[in-house]
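Dumped protein_38.cif below, it's mmCIF, C-alpha atoms and all ligand atoms:
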data_run
loop_
_atom_site.group_PDB
_atom_site.id
_atom_site.type_symbol
_atom_site.label_atom_id
_atom_site.label_comp_id
_atom_site.auth_asym_id
_atom_site.auth_seq_id
_atom_site.Cartn_x
_atom_site.Cartn_y
_atom_site.Cartn_z
ATOM 1 C CA MET A 1 -99.937 -32.089 -63.052
ATOM 2 C CA SER A 2 -101.939 -35.307 -63.418
ATOM 3 C CA GLU A 3 -104.924 -33.851 -61.650
ATOM 4 C CA VAL A 4 -105.033 -30.482 -63.369
ATOM 5 C CA GLN A 5 -104.319 -31.772 -66.863
ATOM 6 C CA ARG A 6 -107.390 -33.893 -66.766
ATOM 7 C CA ARG A 7 -108.636 -32.751 -70.137
ATOM 8 C CA LYS A 8 -107.807 -31.005 -73.330
ATOM 9 C CA TYR A 9 -109.777 -28.056 -74.592
ATOM 10 C CA SER A 10 -110.930 -27.829 -78.188
ATOM 11 C CA GLN A 11 -109.712 -24.891 -80.230
ATOM 12 C CA GLU A 12 -113.046 -23.167 -79.771
ATOM 13 C CA GLU A 13 -112.991 -23.687 -76.006
ATOM 14 C CA ARG A 14 -109.479 -22.305 -75.837
ATOM 15 C CA SER A 15 -110.582 -19.143 -77.616
ATOM 16 C CA THR A 16 -113.555 -18.794 -75.305
ATOM 17 C CA ILE A 17 -111.393 -19.140 -72.202
ATOM 18 C CA PHE A 18 -108.664 -16.878 -73.521
ATOM 19 C CA ASP A 19 -110.992 -14.078 -74.597
ATOM 20 C CA GLY A 20 -113.590 -14.509 -71.879
ATOM 21 C CA GLU A 21 -111.495 -15.317 -68.820
ATOM 22 C CA PHE A 22 -107.912 -14.195 -69.501
ATOM 23 C CA MET A 23 -108.082 -10.996 -71.557
ATOM 24 C CA PRO A 24 -110.429 -9.103 -69.176
ATOM 25 C CA HIS A 25 -107.536 -8.968 -66.652
ATOM 26 C CA ILE A 26 -105.088 -7.229 -68.969
ATOM 27 C CA ASP A 27 -105.328 -3.832 -67.216
ATOM 28 C CA SER A 28 -104.558 -5.334 -63.810
ATOM 29 C CA MET A 29 -101.790 -7.452 -65.305
ATOM 30 C CA TYR A 30 -100.159 -4.465 -66.933
ATOM 31 C CA ASN A 31 -100.415 -2.376 -63.783
ATOM 32 C CA PHE A 32 -98.771 -5.188 -61.807
ATOM 33 C CA ALA A 33 -96.041 -5.638 -64.437
ATOM 34 C CA PHE A 34 -95.328 -1.927 -64.551
ATOM 35 C CA ARG A 35 -95.052 -1.664 -60.780
ATOM 36 C CA LEU A 36 -92.637 -4.579 -60.735
ATOM 37 C CA THR A 37 -90.372 -3.392 -63.551
ATOM 38 C CA PHE A 38 -90.861 0.415 -63.578
ATOM 39 C CA ASP A 39 -90.375 0.271 -67.336
ATOM 40 C CA GLU A 40 -93.051 0.429 -70.009
ATOM 41 C CA ASP A 41 -91.306 -1.867 -72.487
ATOM 42 C CA ASP A 42 -90.367 -4.435 -69.851
ATOM 43 C CA ALA A 43 -93.912 -4.363 -68.538
ATOM 44 C CA LYS A 44 -95.294 -4.917 -72.042
ATOM 45 C CA ASP A 45 -92.925 -7.834 -72.628
ATOM 46 C CA LEU A 46 -93.782 -9.321 -69.272
ATOM 47 C CA VAL A 47 -97.528 -9.163 -69.967
ATOM 48 C CA GLN A 48 -97.072 -10.599 -73.458
ATOM 49 C CA ASP A 49 -94.917 -13.448 -72.148
ATOM 50 C CA THR A 50 -97.478 -14.165 -69.478
ATOM 51 C CA TYR A 51 -100.334 -14.388 -71.986
ATOM 52 C CA MET A 52 -98.238 -16.599 -74.267
ATOM 53 C CA LYS A 53 -97.524 -18.961 -71.386
ATOM 54 C CA ALA A 54 -101.159 -18.869 -70.319
ATOM 55 C CA PHE A 55 -102.152 -19.919 -73.825
ATOM 56 C CA ARG A 56 -99.519 -22.636 -74.021
ATOM 57 C CA PHE A 57 -100.519 -24.116 -70.664
ATOM 58 C CA ILE A 58 -104.227 -23.483 -71.008
ATOM 59 C CA ASN A 59 -105.018 -27.167 -70.460
ATOM 60 C CA SER A 60 -103.793 -26.900 -66.898
ATOM 61 C CA PHE A 61 -106.296 -24.120 -66.233
ATOM 62 C CA GLU A 62 -109.676 -25.289 -65.068
ATOM 63 C CA GLN A 63 -112.399 -23.304 -66.797
ATOM 64 C CA GLY A 64 -114.466 -21.177 -64.436
ATOM 65 C CA THR A 65 -111.870 -21.137 -61.637
ATOM 66 C CA ASN A 66 -109.879 -18.080 -60.562
ATOM 67 C CA ALA A 67 -108.254 -16.981 -63.828
ATOM 68 C CA LYS A 68 -106.923 -13.750 -62.386
ATOM 69 C CA ALA A 69 -104.976 -15.495 -59.603
ATOM 70 C CA TRP A 70 -103.713 -18.080 -62.101
ATOM 71 C CA LEU A 71 -102.453 -15.346 -64.452
ATOM 72 C CA PHE A 72 -100.882 -13.315 -61.661
ATOM 73 C CA ARG A 73 -98.954 -16.378 -60.532
ATOM 74 C CA ILE A 74 -97.542 -16.882 -64.029
ATOM 75 C CA LEU A 75 -96.620 -13.214 -64.281
ATOM 76 C CA LYS A 76 -94.911 -13.175 -60.902
ATOM 77 C CA ASN A 77 -92.909 -16.316 -61.761
ATOM 78 C CA SER A 78 -91.892 -14.870 -65.126
ATOM 79 C CA PHE A 79 -90.773 -11.720 -63.406
ATOM 80 C CA ILE A 80 -88.613 -13.633 -60.921
ATOM 81 C CA ASN A 81 -87.126 -15.930 -63.541
ATOM 82 C CA ASP A 82 -86.628 -13.590 -66.475
ATOM 83 C CA TYR A 83 -86.750 -9.969 -65.393
ATOM 84 C CA ARG A 84 -85.563 -9.594 -61.871
ATOM 85 C CA LYS A 85 -82.007 -10.482 -62.882
ATOM 86 C CA LYS A 86 -81.727 -7.889 -65.604
ATOM 87 C CA SER A 87 -83.743 -5.217 -63.795
ATOM 88 C CA LYS A 88 -82.396 -1.706 -64.163
ATOM 89 C CA LYS A 89 -83.105 -0.965 -60.544
ATOM 90 C CA PRO A 90 -80.376 -1.616 -57.998
ATOM 91 C CA ALA A 91 -80.801 -4.834 -56.055
ATOM 92 C CA THR A 92 -83.599 -4.507 -53.545
ATOM 93 C CA VAL A 93 -83.224 -5.414 -49.917
ATOM 94 C CA ASP A 94 -83.978 -9.025 -49.255
ATOM 95 C CA TYR A 95 -87.241 -9.145 -47.335
ATOM 96 C CA GLN A 96 -85.838 -11.654 -44.881
ATOM 97 C CA GLU A 97 -83.371 -9.052 -43.684
ATOM 98 C CA VAL A 98 -86.060 -6.438 -43.387
ATOM 99 C CA GLU A 99 -88.416 -8.813 -41.628
ATOM 100 C CA THR A 100 -85.766 -9.500 -39.021
ATOM 101 C CA PHE A 101 -84.963 -5.847 -38.672
ATOM 102 C CA TYR A 102 -88.568 -4.854 -38.052
ATOM 103 C CA ASN A 103 -89.168 -7.468 -35.435
ATOM 104 C CA SER A 104 -91.028 -5.284 -32.998
ATOM 105 C CA ASP A 105 -94.544 -4.252 -33.974
ATOM 106 C CA ASP A 106 -94.844 -1.901 -31.039
ATOM 107 C CA VAL A 107 -91.951 0.184 -32.333
ATOM 108 C CA ASP A 108 -93.686 0.417 -35.706
ATOM 109 C CA TYR A 109 -96.943 1.496 -34.134
ATOM 110 C CA GLN A 110 -95.321 4.255 -32.135
ATOM 111 C CA SER A 111 -93.562 5.612 -35.182
ATOM 112 C CA THR A 112 -96.748 5.814 -37.257
ATOM 113 C CA SER A 113 -99.300 6.633 -34.602
ATOM 114 C CA ASP A 114 -99.272 10.331 -35.444
ATOM 115 C CA LEU A 115 -100.046 9.744 -39.118
ATOM 116 C CA ARG A 116 -103.678 10.608 -39.687
ATOM 117 C CA ALA A 117 -106.323 9.259 -41.994
ATOM 118 C CA GLU A 118 -107.158 12.790 -43.185
ATOM 119 C CA SER A 119 -103.573 13.592 -44.190
ATOM 120 C CA VAL A 120 -103.361 10.323 -46.119
ATOM 121 C CA ARG A 121 -106.569 11.155 -47.978
ATOM 122 C CA ASP A 122 -105.184 14.609 -48.866
ATOM 123 C CA MET A 123 -102.056 13.204 -50.493
ATOM 124 C CA LEU A 124 -101.582 13.299 -54.228
ATOM 125 C CA GLY A 125 -101.626 10.210 -56.379
ATOM 126 C CA ASP A 126 -97.925 10.688 -57.127
ATOM 127 C CA GLU A 127 -97.022 10.674 -53.465
ATOM 128 C CA ILE A 128 -98.938 7.498 -52.759
ATOM 129 C CA SER A 129 -97.541 5.909 -55.889
ATOM 130 C CA ASN A 130 -93.941 6.891 -55.077
ATOM 131 C CA ALA A 131 -94.279 5.575 -51.544
ATOM 132 C CA LEU A 132 -95.474 2.251 -52.919
ATOM 133 C CA ASN A 133 -92.764 2.123 -55.588
ATOM 134 C CA GLY A 134 -90.116 2.792 -52.960
ATOM 135 C CA LEU A 135 -90.800 -0.468 -51.133
ATOM 136 C CA ALA A 136 -88.593 -3.520 -51.700
ATOM 137 C CA VAL A 137 -90.161 -5.750 -54.342
ATOM 138 C CA ASP A 138 -91.475 -8.430 -51.963
ATOM 139 C CA PHE A 139 -93.262 -5.851 -49.843
ATOM 140 C CA ARG A 140 -94.504 -3.942 -52.878
ATOM 141 C CA THR A 141 -95.897 -7.151 -54.322
ATOM 142 C CA VAL A 142 -98.083 -8.039 -51.329
ATOM 143 C CA ILE A 143 -99.546 -4.535 -51.215
ATOM 144 C CA ILE A 144 -100.330 -4.616 -54.926
ATOM 145 C CA LEU A 145 -102.006 -7.995 -54.598
ATOM 146 C CA ALA A 146 -103.984 -7.153 -51.465
ATOM 147 C CA ASP A 147 -104.863 -3.485 -51.794
ATOM 148 C CA LEU A 148 -104.790 -2.739 -55.509
ATOM 149 C CA GLU A 149 -106.171 -6.049 -56.731
ATOM 150 C CA GLY A 150 -108.176 -7.263 -53.763
ATOM 151 C CA PHE A 151 -106.790 -10.795 -53.544
ATOM 152 C CA THR A 152 -107.487 -12.708 -50.321
ATOM 153 C CA TYR A 153 -104.666 -14.008 -48.127
ATOM 154 C CA GLU A 154 -105.384 -17.491 -49.434
ATOM 155 C CA GLU A 155 -105.137 -16.418 -53.077
ATOM 156 C CA MET A 156 -101.947 -14.505 -52.322
ATOM 157 C CA ALA A 157 -100.412 -17.565 -50.686
ATOM 158 C CA LYS A 158 -101.023 -19.501 -53.912
ATOM 159 C CA ILE A 159 -99.757 -16.744 -56.178
ATOM 160 C CA LEU A 160 -96.580 -16.286 -54.151
ATOM 161 C CA ASP A 161 -96.046 -19.909 -53.082
ATOM 162 C CA ILE A 162 -95.719 -18.971 -49.412
ATOM 163 C CA PRO A 163 -97.760 -19.933 -46.311
ATOM 164 C CA ILE A 164 -100.732 -17.758 -45.319
ATOM 165 C CA GLY A 165 -98.977 -16.778 -42.079
ATOM 166 C CA THR A 166 -96.110 -15.363 -44.113
ATOM 167 C CA VAL A 167 -98.553 -13.455 -46.328
ATOM 168 C CA ARG A 168 -100.118 -11.915 -43.248
ATOM 169 C CA SER A 169 -96.852 -10.891 -41.579
ATOM 170 C CA ARG A 170 -95.257 -9.639 -44.789
ATOM 171 C CA LEU A 171 -98.320 -7.561 -45.609
ATOM 172 C CA HIS A 172 -98.407 -6.160 -42.108
ATOM 173 C CA ARG A 173 -94.752 -5.122 -42.311
ATOM 174 C CA ALA A 174 -95.166 -3.769 -45.827
ATOM 175 C CA ARG A 175 -97.947 -1.482 -44.629
ATOM 176 C CA ASN A 176 -95.827 -0.302 -41.712
ATOM 177 C CA LEU A 177 -92.982 0.581 -44.069
ATOM 178 C CA LEU A 178 -95.438 2.375 -46.344
ATOM 179 C CA LYS A 179 -96.826 4.323 -43.392
ATOM 180 C CA ASP A 180 -93.310 5.398 -42.418
ATOM 181 C CA THR A 181 -92.856 6.933 -45.861
ATOM 182 C CA LEU A 182 -96.295 8.540 -45.826
ATOM 183 C CA LYS A 183 -95.591 9.953 -42.411
ATOM 184 C CA GLY A 184 -92.498 11.656 -43.836
ATOM 185 C CA TYR A 185 -94.619 13.168 -46.614
ATOM 186 C CA ALA A 186 -97.295 14.255 -44.157
ATOM 187 C CA GLN A 187 -94.738 16.072 -42.045
ATOM 188 C CA SER A 188 -93.290 17.877 -45.044
ATOM 189 C CA MET A 189 -96.837 18.931 -45.985
ATOM 190 C CA GLY A 190 -97.234 20.473 -42.559
ATOM 191 C CA TYR A 191 -99.623 17.973 -41.041
ATOM 192 C CA GLY A 192 -99.213 16.873 -37.466
ATOM 193 C CA ARG A 193 -98.064 20.364 -36.517
ATOM 194 C CA ASP A 194 -100.536 20.578 -33.674
ATOM 195 C CA GLU A 195 -98.716 17.711 -32.034
ATOM 196 C CA GLU A 196 -95.325 19.340 -32.424
ATOM 197 C CA GLU A 197 -96.577 22.457 -30.648
ATOM 198 C CA ASP A 198 -97.479 20.525 -27.510
ATOM 199 C CA MET B 1 -121.442 7.322 -43.505
ATOM 200 C CA GLU B 2 -118.337 7.213 -41.413
ATOM 201 C CA ASN B 3 -118.000 8.648 -37.960
ATOM 202 C CA ASN B 4 -114.745 10.511 -37.978
ATOM 203 C CA ASP B 5 -115.001 12.241 -34.620
ATOM 204 C CA ALA B 6 -111.411 12.769 -33.581
ATOM 205 C CA SER B 7 -112.094 11.763 -30.017
ATOM 206 C CA SER B 8 -114.903 10.749 -27.752
ATOM 207 C CA PRO B 9 -115.083 10.740 -23.963
ATOM 208 C CA GLU B 10 -116.339 7.173 -24.226
ATOM 209 C CA ARG B 11 -113.010 5.942 -25.534
ATOM 210 C CA LYS B 12 -110.009 5.101 -23.430
ATOM 211 C CA LEU B 13 -106.774 6.700 -24.580
ATOM 212 C CA GLN B 14 -104.493 3.714 -24.040
ATOM 213 C CA CYS B 15 -104.945 0.463 -25.886
ATOM 214 C CA SER B 16 -104.458 -2.606 -23.713
ATOM 215 C CA ASP B 17 -102.719 -4.623 -26.435
ATOM 216 C CA VAL B 18 -101.819 -2.512 -29.450
ATOM 217 C CA SER B 19 -100.066 -5.237 -31.383
ATOM 218 C CA LYS B 20 -102.851 -7.790 -31.041
ATOM 219 C CA CYS B 21 -105.680 -5.282 -31.556
ATOM 220 C CA PHE B 22 -104.165 -3.686 -34.644
ATOM 221 C CA GLN B 23 -103.428 -6.991 -36.331
ATOM 222 C CA LEU B 24 -107.022 -7.982 -35.719
ATOM 223 C CA LEU B 25 -108.319 -4.712 -37.186
ATOM 224 C CA GLU B 26 -106.104 -5.168 -40.228
ATOM 225 C CA ARG B 27 -107.350 -8.695 -40.846
ATOM 226 C CA ILE B 28 -110.934 -7.469 -40.674
ATOM 227 C CA LEU B 29 -110.148 -4.644 -43.112
ATOM 228 C CA ASP B 30 -108.529 -7.184 -45.434
ATOM 229 C CA GLY B 31 -111.830 -9.028 -45.542
ATOM 230 C CA GLU B 32 -110.598 -12.085 -43.684
ATOM 231 C CA HIS B 33 -113.139 -14.034 -41.703
ATOM 232 C CA VAL B 34 -112.574 -13.442 -37.998
ATOM 233 C CA GLU B 35 -114.761 -15.295 -35.507
ATOM 234 C CA GLY B 36 -116.948 -12.682 -33.779
ATOM 235 C CA GLY B 37 -115.134 -10.033 -35.799
ATOM 236 C CA ASN B 38 -118.010 -7.569 -36.195
ATOM 237 C CA GLU B 39 -118.765 -7.408 -32.475
ATOM 238 C CA MET B 40 -115.078 -7.059 -31.573
ATOM 239 C CA LEU B 41 -114.636 -4.339 -34.169
ATOM 240 C CA GLN B 42 -117.621 -2.353 -32.898
ATOM 241 C CA GLU B 43 -116.417 -2.720 -29.319
ATOM 242 C CA LYS B 44 -112.937 -1.430 -30.176
ATOM 243 C CA LEU B 45 -114.173 1.467 -32.293
ATOM 244 C CA ASP B 46 -116.519 2.549 -29.495
ATOM 245 C CA LYS B 47 -114.193 2.079 -26.575
ATOM 246 C CA CYS B 48 -110.592 2.524 -27.646
ATOM 247 C CA GLN B 49 -109.138 5.690 -29.181
ATOM 248 C CA PRO B 50 -105.899 4.145 -30.564
ATOM 249 C CA CYS B 51 -107.924 1.367 -32.221
ATOM 250 C CA PHE B 52 -110.367 3.927 -33.613
ATOM 251 C CA ALA B 53 -107.580 6.055 -35.089
ATOM 252 C CA HIS B 54 -105.672 3.060 -36.426
ATOM 253 C CA PHE B 55 -108.748 1.615 -38.101
ATOM 254 C CA HIS B 56 -109.474 4.850 -39.952
ATOM 255 C CA LEU B 57 -105.838 5.307 -40.942
ATOM 256 C CA GLU B 58 -105.618 1.764 -42.322
ATOM 257 C CA GLN B 59 -108.907 2.245 -44.122
ATOM 258 C CA ALA B 60 -107.673 5.503 -45.691
ATOM 259 C CA ILE B 61 -104.447 3.855 -46.859
ATOM 260 C CA ARG B 62 -106.302 0.995 -48.538
ATOM 261 C CA GLU B 63 -108.642 3.492 -50.154
ATOM 262 C CA VAL B 64 -105.927 5.750 -51.614
ATOM 263 C CA LEU B 65 -103.880 2.785 -52.844
ATOM 264 C CA LYS B 66 -106.930 1.404 -54.589
ATOM 265 C CA THR B 67 -108.000 4.696 -56.142
ATOM 266 C CA LYS B 68 -104.604 6.236 -56.925
ATOM 267 C CA CYS B 69 -102.346 3.363 -57.928
ATOM 268 C CA THR B 70 -104.409 1.324 -60.353
ATOM 269 C CA LYS B 71 -104.634 3.719 -63.281
ATOM 270 C CA GLN B 72 -101.498 2.808 -65.230
ATOM 271 C CA PRO B 73 -102.714 3.348 -68.815
ATOM 272 C CA LEU B 74 -102.536 0.260 -70.968
ATOM 273 C CA PRO B 75 -100.214 0.873 -73.942
ATOM 274 C CA ASP B 76 -101.970 1.161 -77.293
ATOM 275 C CA LYS B 77 -102.245 -2.068 -79.173
ATOM 276 C CA LEU B 78 -100.936 -4.302 -76.369
ATOM 277 C CA ALA B 79 -104.179 -6.284 -76.270
ATOM 278 C CA GLU B 80 -104.224 -6.383 -80.052
ATOM 279 C CA SER B 81 -100.653 -7.648 -80.308
ATOM 280 C CA ILE B 82 -101.349 -10.373 -77.755
ATOM 281 C CA ARG B 83 -104.371 -11.529 -79.754
ATOM 282 C CA GLN B 84 -102.200 -11.529 -82.868
ATOM 283 C CA MET B 85 -99.488 -13.596 -81.168
ATOM 284 C CA ILE B 86 -102.071 -16.148 -80.131
ATOM 285 C CA GLN B 87 -103.476 -16.286 -83.679
ATOM 286 C CA ASP B 88 -99.990 -16.912 -85.033
ATOM 287 C CA ALA B 89 -99.250 -19.567 -82.424
ATOM 288 C CA ARG B 90 -102.264 -21.654 -83.404
HETATM 289 ZN ZN ZN C 201 -107.382 -0.908 -28.655
#
Whole structure, structure tokens version:
Amino acid sequence: MSEVQRRKYSQEERSTIFDGEFMPHIDSMYNFAFRLTFDEDDAKDLVQDTYMKAFRFINSFEQGTNAKAWLFRILKNSFINDYRKKSKKPATVDYQEVETFYNSDDVDYQSTSDLRAESVRDMLGDEISNALNGLAVDFRTVIILADLEGFTYEEMAKILDIPIGTVRSRLHRARNLLKDTLKGYAQSMGYGRDEEED
Amino acid sequence: MENNDASSPERKLQCSDVSKCFQLLERILDGEHVEGGNEMLQEKLDKCQPCFAHFHLEQAIREVLKTKCTKQPLPDKLAESIRQMIQDAR
């Protein structure tokens, strides 16, 4: 606190930061909120709350630093504190359980080794989107941050308040789970048939 | 741009350490700095079929996620209502 609240912005500076550094991320913020809540109204509320908090705590934001990561961290905390409890979705599997369950990478690799890059590229947006939405929230979150928004492991560690090693392993497992789903889709589309004929 | 040859006689069909190799490939794809990463990547793509296939699969997944899951349309007036809220809060 003491270090980050080193100064107070004037009203004009606050407007400049808010409009110039915060508002440009609204599309990404809404996409993230929607993929966490699966509900348009909840996503809107979540984004609004996040921007209100960002404005209220603007003095703890250092101008010119990573506004997007700062905003995503607020949004993710708001989601955990305010929305996750009342979410309409049934309780998701705790990632700890899943992480223990998928303790062997080699098993994962075998199960996805016949999924092909070309079949993934041929899939429809809805299929990719549904596969992503089907992941437990902690796994979904790391994929959104890494692949949709392009955050680095280090930025993700700050947004999620977890060590970088945990970011790496959770992301790795999230992708394996996603590939399992995509593999199911690929098979139902008739890909990988040449291998079945062998 | 991208060599997508399904197989090449130059590549061995078994990877010596799938788990280690694939995690390395994934870190490189995620843009993490890996010491000597470019040389290792080129070596694996040239010499190892499982690594080659895994790299292109992982690349395709990142690509479709990026292009197909980021288009959630922003509701009308959301930006406007946020600006209004901030005005009122001043
Ligand atoms: Zn290999």
(message) Can you spell out as a PyMOL selection string the set of residues that the PyMOL selection byres (((not hetatm)) within 7 of (chain C and resi 201)) selects in the structure I just provided?
(response) chain B and resi 15-18+21+44+48-51
(message) Here is a test: counting all atoms listed in the file, which residue of A:Thr141, A:Ser129, A:Ser188, A:Thr37 is nearest to chain B?
(response)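 Looking at the shortest contact to chain B, the residue is A:Ser129.
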Evaluated on this file, the PyMOL selection byres ((chain A) within 7 of (chain B)) picks out some residues - which ones are they, written as an mmCIF file with C-alpha atoms, keeping the file's coordinate frame?
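Output saved as out10.cif:
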data_model
loop_
_atom_site.group_PDB
_atom_site.id
_atom_site.type_symbol
_atom_site.label_atom_id
_atom_site.label_comp_id
_atom_site.auth_asym_id
_atom_site.auth_seq_id
_atom_site.Cartn_x
_atom_site.Cartn_y
_atom_site.Cartn_z
ATOM 1 C CA ASP A 27 -105.328 -3.832 -67.216
ATOM 2 C CA TYR A 30 -100.159 -4.465 -66.933
ATOM 3 C CA ASN A 31 -100.415 -2.376 -63.783
ATOM 4 C CA GLN A 48 -97.072 -10.599 -73.458
ATOM 5 C CA ASP A 105 -94.544 -4.252 -33.974
ATOM 6 C CA ASP A 106 -94.844 -1.901 -31.039
ATOM 7 C CA ARG A 116 -103.678 10.608 -39.687
ATOM 8 C CA ALA A 117 -106.323 9.259 -41.994
ATOM 9 C CA VAL A 120 -103.361 10.323 -46.119
ATOM 10 C CA ARG A 121 -106.569 11.155 -47.978
ATOM 11 C CA GLY A 125 -101.626 10.210 -56.379
ATOM 12 C CA ILE A 128 -98.938 7.498 -52.759
ATOM 13 C CA SER A 129 -97.541 5.909 -55.889
ATOM 14 C CA ASP A 147 -104.863 -3.485 -51.794
ATOM 15 C CA LEU A 148 -104.790 -2.739 -55.509
#
(message) Set the distance at 12 Å and use only C-alpha atoms: which residues neighbour A:Gly184 once local chain neighbours fewer than 2 positions away are removed? I'd like the list as a list in words.
(response)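 So the residues in contact are Ser111, Thr112, Asp114, Leu115, Arg116, Ser119, Val120, Met123, Glu127, Ile128, Ala131, Leu177, Leu178, Lys179, Asp180, Thr181, Leu182, Ala186, Gln187, Ser188, Met189, Gly190, Tyr191 and Gly192 of chain A.
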(message) Distance cut-off 9 Å, centre (-99.5, -14.3, -55.7) in file coordinates, counting all atoms listed in the file: which residues qualify? Return them as a list in words.
(response) Ala69, Trp70, Phe72, Arg73, Ile74, Lys76, Thr141, Val142, Leu145, Phe151, Glu155, Met156, Ala157, Lys158, Ile159, Leu160, Asp161 and Ile162 of chain A
(request) Could you please determine the separation between atom CA of A:Val137 and atom CA of A:Met29 in Å, to one decimal place? (result) 16.1 Å
(request) Provide the atom CA of B:Asn38 to atom CA of A:Tyr153 distance in Å, to one decimal place. (result) 19.0 Å
(message) Rounded to one decimal, what separation in Å do you get between atom CA of A:Asp42 and atom CA of A:Gly150?
(response)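 Distance reported for this atom pair: 24.2 Å.
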(message) Once the PyMOL selection byres (((chain B and resi 10) around 10) and not hetatm) is applied to the coordinates I shared, what remains selected? I want it as an NGL selection string.
(response) :B and (7-9 or 11-13 or 46-49)
Dump C-alpha atoms for the selected residues as a short mmCIF file (atom, residue, chain, number, x, y, z; two decimals), in the frame of the given file?
data_model
loop_
_atom_site.label_atom_id
_atom_site.label_comp_id
_atom_site.auth_asym_id
_atom_site.auth_seq_id
_atom_site.Cartn_x
_atom_site.Cartn_y
_atom_site.Cartn_z
CA SER B 7 -112.09 11.76 -30.02
CA SER B 8 -114.90 10.75 -27.75
CA PRO B 9 -115.08 10.74 -23.96
CA ARG B 11 -113.01 5.94 -25.53
CA LYS B 12 -110.01 5.10 -23.43
CA LEU B 13 -106.77 6.70 -24.58
CA ASP B 46 -116.52 2.55 -29.50
CA LYS B 47 -114.19 2.08 -26.58
CA CYS B 48 -110.59 2.52 -27.65
CA GLN B 49 -109.14 5.69 -29.18
#
(message) Need the shell around A:Phe22: protein/DNA/RNA residues with any atom at most 8 Å away, counting all atoms listed in the file. Skip same-chain ones fewer than 4 positions apart. Format as a ChimeraX atom specification?
(response) /A:17-18,26,51,67-68,71
(request) Point out the residue among A:Met52, A:Leu75, A:Ile164, A:Leu36 with the least atom-to-atom distance to A:Leu135, counting all atoms listed in the file. (result) A:Leu36
Please, what is the axis-aligned box for every listed atom of stretch 6-23 of chain B with 4 Å on each side, as centre and edge lengths in Å to one decimal, as AutoDock Vina command-line options?
--center_x -108.2 --center_y 2.5 --center_z -29.9 --size_x 24.3 --size_y 28.6 --size_z 20.9
